[in-house]
file run25.pdb (PDB, C-alpha atoms)
ATOM      1  CA  MET A 561       0.000   0.000   0.000
ATOM      2  CA  GLU A 562       1.473   3.291  -1.044
ATOM      3  CA  GLY A 563       1.501   6.044   1.572
ATOM      4  CA  SER A 564      -0.858   6.350   4.502
ATOM      5  CA  VAL A 565      -4.578   5.684   4.510
ATOM      6  CA  ASP A 566      -6.713   8.777   4.982
ATOM      7  CA  GLY A 567      -9.643   8.744   7.355
ATOM      8  CA  VAL A 568      -8.629   5.853   9.613
ATOM      9  CA  GLU A 569      -8.049   7.680  12.888
ATOM     10  CA  GLY A 570     -11.731   7.471  13.819
ATOM     11  CA  LEU A 571     -12.171   3.800  12.942
ATOM     12  CA  ALA A 572     -12.405   2.437  16.481
ATOM     13  CA  ASP A 573     -14.810   5.152  17.633
ATOM     14  CA  ALA A 574     -16.920   4.845  14.500
ATOM     15  CA  LEU A 575     -17.358   1.102  14.908
ATOM     16  CA  ASN A 576     -18.869   1.751  18.313
ATOM     17  CA  SER A 577     -20.826   4.965  17.756
ATOM     18  CA  ASN A 578     -22.444   4.086  14.409
ATOM     19  CA  SER A 579     -23.665   0.597  15.310
ATOM     20  CA  VAL A 580     -27.387   0.056  14.783
ATOM     21  CA  GLU A 581     -29.719  -2.907  14.726
ATOM     22  CA  ALA A 582     -30.359  -4.826  11.528
ATOM     23  CA  ALA A 583     -33.420  -4.335   9.340
ATOM     24  CA  PRO A 584     -34.331  -7.269   7.046
ATOM     25  CA  GLU A 585     -35.278  -6.736   3.416
ATOM     26  CA  PRO A 586     -37.812  -9.044   1.743
ATOM     27  CA  ASN A 587     -36.526 -11.824  -0.444
ATOM     28  CA  VAL A 588     -37.036 -11.683  -4.186
ATOM     29  CA  ASP A 589     -39.457 -14.601  -4.560
ATOM     30  CA  GLY A 590     -38.046 -17.371  -6.656
ATOM     31  CA  ALA A 591     -34.622 -15.762  -6.953
ATOM     32  CA  PRO A 592     -32.178 -18.613  -7.503
ATOM     33  CA  SER A 593     -28.987 -19.089  -5.561
ATOM     34  CA  ASP A 594     -26.058 -17.990  -7.723
ATOM     35  CA  ALA A 595     -23.568 -20.090  -5.796
ATOM     36  CA  ALA A 596     -19.990 -20.476  -6.958
ATOM     37  CA  SER A 597     -17.522 -23.232  -6.220
ATOM     38  CA  ALA A 598     -13.878 -22.983  -5.189
ATOM     39  CA  SER A 599     -10.964 -25.382  -5.352
ATOM     40  CA  ASP A 600     -10.194 -25.312  -1.620
ATOM     41  CA  THR A 601     -11.099 -28.561   0.148
ATOM     42  CA  VAL A 602     -10.622 -27.604   3.813
ATOM     43  CA  ALA A 603     -13.770 -28.436   5.781
ATOM     44  CA  SER A 604     -14.756 -28.352   9.441
ATOM     45  CA  PRO A 605     -18.053 -28.523  11.358
ATOM     46  CA  CYS A 606     -20.327 -25.506  10.931
ATOM     47  CA  ILE A 607     -21.291 -24.467  14.466
ATOM     48  CA  THR A 608     -22.027 -21.302  16.414
ATOM     49  CA  ALA A 609     -20.702 -21.590  19.953
ATOM     50  CA  GLY A 610     -17.895 -19.971  21.893
ATOM     51  CA  SER A 611     -15.214 -18.815  19.442
ATOM     52  CA  GLU A 612     -16.969 -20.473  16.467
ATOM     53  CA  LEU A 613     -19.513 -18.703  14.262
ATOM     54  CA  CYS A 614     -21.405 -19.959  11.213
ATOM     55  CA  ASP A 615     -24.173 -17.886   9.607
ATOM     56  CA  ASP A 616     -25.872 -18.292   6.223
ATOM     57  CA  PHE A 617     -28.549 -15.645   6.990
ATOM     58  CA  GLU A 618     -31.358 -17.992   5.962
ATOM     59  CA  SER A 619     -33.609 -16.560   8.664
ATOM     60  CA  GLY A 620     -33.913 -13.522   6.384
ATOM     61  CA  GLN A 621     -32.527 -11.187   9.028
ATOM     62  CA  LEU A 622     -29.425 -10.541  11.105
ATOM     63  CA  ASP A 623     -29.330 -12.143  14.535
ATOM     64  CA  PRO A 624     -29.117  -9.151  16.922
ATOM     65  CA  THR A 625     -27.414 -11.300  19.568
ATOM     66  CA  ILE A 626     -24.457 -11.720  17.180
ATOM     67  CA  TRP A 627     -24.407  -8.871  14.666
ATOM     68  CA  LYS A 628     -24.430  -5.095  14.759
ATOM     69  CA  ILE A 629     -24.494  -2.756  11.770
ATOM     70  CA  ASN A 630     -21.901  -0.013  11.277
ATOM     71  CA  LEU A 631     -22.902   2.821   8.929
ATOM     72  CA  GLY A 632     -21.163   6.048   7.965
ATOM     73  CA  GLY A 633     -21.164   8.534   5.097
ATOM     74  CA  PRO A 634     -23.842   9.481   2.553
ATOM     75  CA  ALA A 635     -26.887   7.174   2.927
ATOM     76  CA  PRO A 636     -25.263   3.706   3.234
ATOM     77  CA  THR A 637     -27.491   0.715   4.028
ATOM     78  CA  VAL A 638     -27.098  -2.850   5.267
ATOM     79  CA  THR A 639     -30.003  -5.223   4.723
ATOM     80  CA  VAL A 640     -30.677  -8.915   4.157
ATOM     81  CA  ASP A 641     -32.186  -9.672   0.748
ATOM     82  CA  GLY A 642     -32.510 -12.291  -1.944
ATOM     83  CA  VAL A 643     -31.095 -10.416  -4.924
ATOM     84  CA  HIS A 644     -27.910 -12.500  -4.805
ATOM     85  CA  ALA A 645     -27.302 -15.491  -2.540
ATOM     86  CA  HIS A 646     -24.339 -17.824  -2.487
ATOM     87  CA  SER A 647     -26.401 -20.567  -0.876
ATOM     88  CA  GLY A 648     -30.080 -20.681  -0.029
ATOM     89  CA  LYS A 649     -32.241 -17.592  -0.548
ATOM     90  CA  TYR A 650     -30.660 -14.790   1.467
ATOM     91  CA  ALA A 651     -27.452 -12.819   1.857
ATOM     92  CA  VAL A 652     -26.373  -9.606   3.576
ATOM     93  CA  HIS A 653     -26.376  -6.617   1.212
ATOM     94  CA  ALA A 654     -24.035  -3.667   1.928
ATOM     95  CA  LYS A 655     -24.796  -0.651  -0.272
ATOM     96  CA  VAL A 656     -22.877   2.638  -0.620
ATOM     97  CA  THR A 657     -22.990   5.635  -2.957
ATOM     98  CA  PRO A 658     -20.369   5.518  -5.742
ATOM     99  CA  GLY A 659     -17.863   8.341  -5.669
ATOM    100  CA  GLN A 660     -18.419   8.962  -1.959
ATOM    101  CA  GLN A 661     -16.601   7.834   1.190
ATOM    102  CA  SER A 662     -18.943   5.554   3.104
ATOM    103  CA  THR A 663     -19.098   2.632   5.510
ATOM    104  CA  ALA A 664     -21.588  -0.252   5.400
ATOM    105  CA  GLN A 665     -20.575  -3.194   7.585
ATOM    106  CA  ILE A 666     -21.796  -5.934   9.862
ATOM    107  CA  THR A 667     -19.678  -6.439  12.981
ATOM    108  CA  GLU A 668     -19.459  -9.155  15.596
ATOM    109  CA  ALA A 669     -17.748  -9.474  18.968
ATOM    110  CA  ALA A 670     -19.494 -12.677  20.084
ATOM    111  CA  THR A 671     -16.553 -14.974  19.224
ATOM    112  CA  PHE A 672     -14.037 -13.004  21.301
ATOM    113  CA  PRO A 673     -11.704 -13.361  23.043
ATOM    114  CA  ALA A 674     -10.294 -15.623  20.333
ATOM    115  CA  VAL A 675      -8.362 -18.767  21.225
ATOM    116  CA  ASP A 676      -4.707 -17.698  21.574
ATOM    117  CA  ASP A 677      -5.790 -14.339  20.110
ATOM    118  CA  THR A 678      -5.824 -16.039  16.694
ATOM    119  CA  PHE A 679      -8.788 -16.640  14.398
ATOM    120  CA  TYR A 680      -9.893 -17.091  10.795
ATOM    121  CA  THR A 681     -12.750 -15.229   9.100
ATOM    122  CA  ARG A 682     -14.200 -16.631   5.867
ATOM    123  CA  ILE A 683     -16.838 -14.928   3.726
ATOM    124  CA  TRP A 684     -18.368 -15.379   0.314
ATOM    125  CA  ALA A 685     -18.552 -11.992  -1.388
ATOM    126  CA  TYR A 686     -20.256 -10.649  -4.535
ATOM    127  CA  PHE A 687     -19.223  -7.188  -5.755
ATOM    128  CA  SER A 688     -21.249  -5.036  -8.152
ATOM    129  CA  PRO A 689     -21.176  -3.396 -10.622
ATOM    130  CA  ASP A 690     -18.372  -4.521 -12.897
ATOM    131  CA  VAL A 691     -15.520  -2.302 -11.708
ATOM    132  CA  ALA A 692     -12.717  -1.189 -14.013
ATOM    133  CA  TRP A 693     -10.817   2.065 -14.046
ATOM    134  CA  PRO A 694      -9.284   4.292 -16.696
ATOM    135  CA  ALA A 695      -5.565   4.967 -16.667
ATOM    136  CA  ASN A 696      -4.404   7.171 -13.779
ATOM    137  CA  PRO A 697      -7.489   6.667 -11.588
ATOM    138  CA  PRO A 698      -7.902   8.410  -8.228
ATOM    139  CA  ASP A 699      -6.254   6.701  -5.262
ATOM    140  CA  PHE A 700      -8.624   4.637  -3.169
ATOM    141  CA  HIS A 701      -8.560   1.937  -0.521
ATOM    142  CA  THR A 702     -11.524  -0.127   0.680
ATOM    143  CA  GLY A 703     -11.644  -2.729   3.486
ATOM    144  CA  PHE A 704     -13.700  -5.944   3.183
ATOM    145  CA  ILE A 705     -12.766  -7.878   6.373
ATOM    146  CA  ILE A 706     -11.225  -5.904   9.238
ATOM    147  CA  ALA A 707     -10.018  -7.441  12.499
ATOM    148  CA  GLY A 708      -9.678  -4.859  15.258
ATOM    149  CA  GLY A 709      -8.343  -4.586  18.783
ATOM    150  CA  ASN A 710      -5.985  -2.659  21.022
ATOM    151  CA  ASN A 711      -2.364  -3.043  21.980
ATOM    152  CA  ASP A 712      -0.578  -1.069  24.698
ATOM    153  CA  LEU A 713      -0.272   2.004  22.453
ATOM    154  CA  GLY A 714      -3.648   2.225  20.716
ATOM    155  CA  HIS A 715      -5.986   0.701  18.173
ATOM    156  CA  VAL A 716      -4.812  -1.825  15.544
ATOM    157  CA  GLU A 717      -6.485  -3.232  12.416
ATOM    158  CA  LEU A 718      -5.372  -6.201  10.321
ATOM    159  CA  ALA A 719      -7.449  -6.485   7.173
ATOM    160  CA  VAL A 720      -8.077  -7.496   3.583
ATOM    161  CA  GLY A 721      -9.605  -5.137   1.054
ATOM    162  CA  ALA A 722      -8.919  -3.596  -2.347
ATOM    163  CA  ASN A 723      -6.747  -0.835  -3.730
ATOM    164  CA  LEU A 724      -5.895   0.994  -6.927
ATOM    165  CA  SER A 725      -3.507   3.911  -6.853
ATOM    166  CA  PRO A 726      -2.798   6.703  -9.369
ATOM    167  CA  SER A 727       0.360   4.895 -10.446
ATOM    168  CA  SER A 728      -1.685   1.871 -11.531
ATOM    169  CA  SER A 729      -2.444   1.192 -15.165
ATOM    170  CA  ALA A 730      -6.034   0.836 -16.303
ATOM    171  CA  GLY A 731      -7.765  -2.263 -14.989
ATOM    172  CA  PRO A 732      -9.766  -3.798 -12.129
ATOM    173  CA  MET A 733      -9.365  -3.568  -8.371
ATOM    174  CA  HIS A 734      -6.600  -5.628  -6.773
ATOM    175  CA  TYR A 735      -6.613  -7.254  -3.337
ATOM    176  CA  LEU A 736      -4.789  -5.398  -0.590
ATOM    177  CA  GLY A 737      -3.691  -6.805   2.737
ATOM    178  CA  TYR A 738      -2.979  -4.075   5.250
ATOM    179  CA  SER A 739      -2.145  -3.435   8.888
ATOM    180  CA  ILE A 740      -2.717  -0.140  10.664
ATOM    181  CA  TYR A 741      -1.104   0.546  14.051
ATOM    182  CA  HIS A 742      -2.421   3.818  15.415
ATOM    183  CA  GLY A 743       0.328   4.020  18.041
ATOM    184  CA  PRO A 744       1.901   6.464  18.609
ATOM    185  CA  PRO A 745       3.798   6.185  16.418
ATOM    186  CA  TYR A 746       1.326   5.646  13.572
ATOM    187  CA  VAL A 747       2.414   2.755  11.327
ATOM    188  CA  GLU A 748       0.675   1.464   8.184
ATOM    189  CA  PHE A 749       1.791  -1.098   5.639
ATOM    190  CA  GLY A 750       0.452  -3.371   2.855
ATOM    191  CA  PRO A 751       1.172  -4.812   0.326
ATOM    192  CA  ARG A 752      -1.043  -4.638  -2.745
ATOM    193  CA  SER A 753      -1.606  -7.982  -4.464
ATOM    194  CA  PRO A 754      -1.332  -8.798  -8.180
ATOM    195  CA  THR A 755      -4.550 -10.815  -7.761
ATOM    196  CA  GLU A 756      -7.591  -9.051  -9.201
ATOM    197  CA  VAL A 757     -10.893  -8.701  -7.350
ATOM    198  CA  ALA A 758     -13.611 -10.458  -9.347
ATOM    199  CA  THR A 759     -16.925  -8.662  -9.787
ATOM    200  CA  LEU A 760     -20.391  -9.999 -10.678
ATOM    201  CA  ALA A 761     -19.416 -13.421  -9.305
ATOM    202  CA  TRP A 762     -19.087 -15.029  -5.889
ATOM    203  CA  THR A 763     -15.597 -15.167  -4.360
ATOM    204  CA  CYS A 764     -14.412 -16.993  -1.257
ATOM    205  CA  ILE A 765     -12.205 -14.691   0.878
ATOM    206  CA  GLU A 766     -10.489 -15.811   4.071
ATOM    207  CA  LEU A 767      -8.371 -13.784   6.477
ATOM    208  CA  LEU A 768      -6.169 -15.133   9.274
ATOM    209  CA  GLU A 769      -5.656 -12.684  12.107
ATOM    210  CA  GLY A 770      -3.297 -13.659  14.906
ATOM    211  CA  GLY A 771      -1.815 -12.037  17.993
ATOM    212  CA  GLN A 772       0.297 -15.126  18.726
ATOM    213  CA  GLY A 773       0.335 -14.684  22.474
ATOM    214  CA  GLY A 774       1.334 -11.030  22.376
ATOM    215  CA  THR A 775       4.582 -11.459  20.479
ATOM    216  CA  THR A 776       3.809 -11.358  16.742
ATOM    217  CA  ALA A 777       0.857 -10.163  14.668
ATOM    218  CA  VAL A 778       0.168 -12.490  11.745
ATOM    219  CA  ARG A 779      -1.931 -11.749   8.664
ATOM    220  CA  LYS A 780      -2.588 -14.273   5.876
ATOM    221  CA  ILE A 781      -5.134 -14.128   3.052
ATOM    222  CA  TRP A 782      -6.713 -16.757   0.802
ATOM    223  CA  VAL A 783      -8.893 -16.097  -2.255
ATOM    224  CA  ASP A 784     -10.944 -19.012  -3.608
ATOM    225  CA  GLY A 785      -8.816 -21.319  -1.485
ATOM    226  CA  ALA A 786      -5.451 -20.161  -2.837
ATOM    227  CA  GLU A 787      -3.142 -18.270  -0.501
ATOM    228  CA  LEU A 788      -1.876 -14.897  -1.702
ATOM    229  CA  PRO A 789       1.824 -15.457  -0.923
ATOM    230  CA  GLU A 790       2.819 -11.802  -0.899
ATOM    231  CA  GLN A 791       0.321 -11.245   1.939
ATOM    232  CA  ASP A 792       2.022 -13.631   4.395
ATOM    233  CA  ASP A 793       3.067 -11.021   6.915
ATOM    234  CA  SER A 794       4.374 -11.331  10.481
ATOM    235  CA  PHE A 795       5.035  -8.235  12.525
ATOM    236  CA  GLY A 796       7.234  -9.028  15.529
ATOM    237  CA  VAL A 797       7.819  -6.832  18.561
ATOM    238  CA  SER A 798      11.542  -6.967  17.804
ATOM    239  CA  SER A 799      11.003  -5.353  14.402
ATOM    240  CA  ALA A 800      11.991  -1.771  13.652
ATOM    241  CA  MET A 801       8.319  -0.820  13.958
ATOM    242  CA  GLY A 802       8.418  -2.084  17.520
ATOM    243  CA  GLN A 803       4.717  -2.444  18.307
ATOM    244  CA  LYS A 804       2.945  -5.362  19.916
ATOM    245  CA  PRO A 805      -0.023  -7.103  18.282
ATOM    246  CA  PRO A 806      -3.517  -6.256  19.519
ATOM    247  CA  GLN A 807      -5.889  -8.206  21.695
ATOM    248  CA  PHE A 808      -8.534  -8.727  19.023
ATOM    249  CA  ASP A 809     -12.107  -7.976  20.086
ATOM    250  CA  LEU A 810     -14.072  -7.308  16.876
ATOM    251  CA  VAL A 811     -14.362  -8.386  13.253
ATOM    252  CA  SER A 812     -16.100  -6.137  10.700
ATOM    253  CA  ILE A 813     -17.324  -7.327   7.298
ATOM    254  CA  GLY A 814     -18.560  -5.248   4.374
ATOM    255  CA  LEU A 815     -17.356  -1.971   2.860
ATOM    256  CA  TRP A 816     -15.173   0.534   4.690
ATOM    257  CA  GLU A 817     -14.078   3.183   2.187
ATOM    258  CA  TYR A 818     -10.985   5.068   3.302
ATOM    259  CA  HIS A 819     -11.285   7.211   0.161
ATOM    260  CA  PRO A 820     -14.173   7.916  -2.221
ATOM    261  CA  THR A 821     -14.487   4.862  -4.479
ATOM    262  CA  PRO A 822     -15.434   5.741  -8.058
ATOM    263  CA  SER A 823     -17.994   3.083  -9.031
ATOM    264  CA  LEU A 824     -18.296   0.242  -6.499
ATOM    265  CA  SER A 825     -21.776   0.408  -4.971
ATOM    266  CA  ASP A 826     -22.828  -3.043  -3.741
ATOM    267  CA  MET A 827     -21.402  -6.014  -1.855
ATOM    268  CA  TRP A 828     -23.359  -9.128  -0.937
ATOM    269  CA  ILE A 829     -22.008 -11.282   1.898
ATOM    270  CA  ASP A 830     -23.003 -14.874   2.570
ATOM    271  CA  ASP A 831     -21.932 -18.039   4.419
ATOM    272  CA  VAL A 832     -19.814 -16.237   7.003
ATOM    273  CA  ARG A 833     -17.657 -18.278   9.318
ATOM    274  CA  VAL A 834     -15.297 -17.385  12.150
ATOM    275  CA  SER A 835     -13.172 -20.168  13.604
ATOM    276  CA  SER A 836     -10.009 -20.989  15.520
ATOM    277  CA  GLN A 837      -9.081 -23.337  12.657
ATOM    278  CA  ARG A 838      -8.530 -22.830   8.937
ATOM    279  CA  ILE A 839     -11.962 -22.827   7.266
ATOM    280  CA  GLY A 840     -11.496 -23.002   3.504
ATOM    281  CA  CYS A 841     -14.286 -22.767   0.955
ATOM    282  CA  ALA A 842     -15.809 -26.241   1.126
ATOM    283  CA  SER A 843     -18.180 -25.650   4.041
TER     284      SER A 843
END
call {"tool": "encode", "arguments": {"input": "run25.pdb", "output": "structure tokens"}}
result
Amino acid sequence: MEGSVDGVEGLADALNSNSVEAAPEPNVDGAPSDAASASDTVASPCITAGSELCDDFESGQLDPTIWKINLGGPAPTVTVDGVHAHSGKYAVHAKVTPGQQSTAQITEAATFPAVDDTFYTRIWAYFSPDVAWPANPPDFHTGFIIAGGNNDLGHVELAVGANLSPSSSAGPMHYLGYSIYHGPPYVEFGPRSPTEVATLAWTCIELLEGGQGGTTAVRKIWVDGAELPEQDDSFGVSSAMGQKPPQFDLVSIGLWEYHPTPSLSDMWIDDVRVSSQRIGCAS
């Protein structure tokens, strides 16, 4: 990630102050599931208990004992609808206004504290519309899955999202793994991935977030079951940056736009899992 991310200083406060209860949206009767498959074969039991969470949203609404909604910016919404579903009839729908800087997320703290301060978050995501940029587009950075918590100096986020900077050639969004240590001192680092973000199709995205007992923060990312090798990042307390990992206490899923994003307006989220073990795309 090139340079610092604008607009992140209020992230922790915003996740608390903007949380609201979910409002379901009616299903589109007869709308078929547009499920996709992935090559990953990791599978584990789908349960919701303790540090494990499994939600396919087939009740047609968000469970208020698990989820809160985080909204910010010009008229964002989070609903549950049947326009696109990876499995079954329903999925969460995060909607923002193109060209604006907005937030539309679901958040959960029910699975925390995580076992050994380490956990995996897996989502199926559908982005719309088809997003492609002209040459020399405006810089932007958007988060899809953000793990948050505090260390001894301040708030920390480890995340996966998308990025395209003015130095990029024309083309689609690319995945971005990033870590933000608010400190002081403030520290932010990527990197951007060569892997493109698919639009108008379901994608399996998994993020490993680990505090490793207070010694090293670990971030790994898989897309459709394949690890993005350039995103394998460990940040040790002995490094030049010198900050400890956080005690994770929240995971946020959806769209957090650190800059106005030119044309992305919708993200559907389905088959969410949080686990102490690698999840994969098979379950």
call {"tool": "closest_residue", "arguments": {"input": "run25.pdb", "among": "A:Val638, A:Val691, A:Leu613, A:Leu767", "to": "Thr821 of chain A", "atoms": "all atoms listed in the file"}}
result
A:Val691
call {"tool": "atom_distance", "arguments": {"input": "run25.pdb", "atom1": "atom CA of Asp677 of chain A", "atom2": "atom CA of Gly771 of chain A"}}
result
5.1 Å
call {"tool": "closest_residue", "arguments": {"input": "run25.pdb", "among": "A:Arg833, A:Arg752, A:His646, A:His715", "to": "Thr671 of chain A", "atoms": "all atoms listed in the file"}}
result
A:Arg833
call {"tool": "residues_around", "arguments": {"input": "run25.pdb", "residues": "Gln660 of chain A", "least_positions_apart": "2", "cutoff": "8 Å", "atoms": "all atoms listed in the file", "output": "VMD selection string"}}
result
chain A and resid 633 to 634 656 to 658 662 819 to 822
call {"tool": "atom_distance", "arguments": {"input": "run25.pdb", "atom1": "atom CA of Lys780 of chain A", "atom2": "atom CA of Cys614 of chain A"}}
result
20.4 Å
call {"tool": "atom_distance", "arguments": {"input": "run25.pdb", "atom1": "atom CA of His742 of chain A", "atom2": "atom CA of Val834 of chain A"}}
result
25.0 Å
call {"tool": "resolve_selection", "arguments": {"input": "run25.pdb", "expression": "the PyMOL selection byres ((chain A and resi 689) around 7)", "output": "number ranges by chain"}}
result
A: 687-688, 690-691, 759-760, 824-825
call {"tool": "axis_aligned_box", "arguments": {"input": "run25.pdb", "around": "segment 768-787 of chain A", "padding_each_side": "6 Å", "output": "AutoDock Vina command-line options"}}
result
--center_x -3.2 --center_y -15.7 --center_z 9.4 --size_x 27.5 --size_y 23.2 --size_z 38.1
call {"tool": "closest_residue", "arguments": {"input": "run25.pdb", "among": "A:Glu766, A:Asp712, A:Glu787, A:Glu756", "to": "Gly802 of chain A", "atoms": "all atoms listed in the file"}}
result
A:Asp712
call {"tool": "closest_residue", "arguments": {"input": "run25.pdb", "among": "A:Leu713, A:Val783, A:Val643, A:Ala669", "to": "Gln803 of chain A", "atoms": "only C-alpha atoms"}}
result
A:Leu713
call {"tool": "closest_residue", "arguments": {"input": "run25.pdb", "among": "A:Val640, A:Leu815, A:Val675, A:Ala645", "to": "Thr663 of chain A", "atoms": "all atoms listed in the file"}}
result
A:Leu815
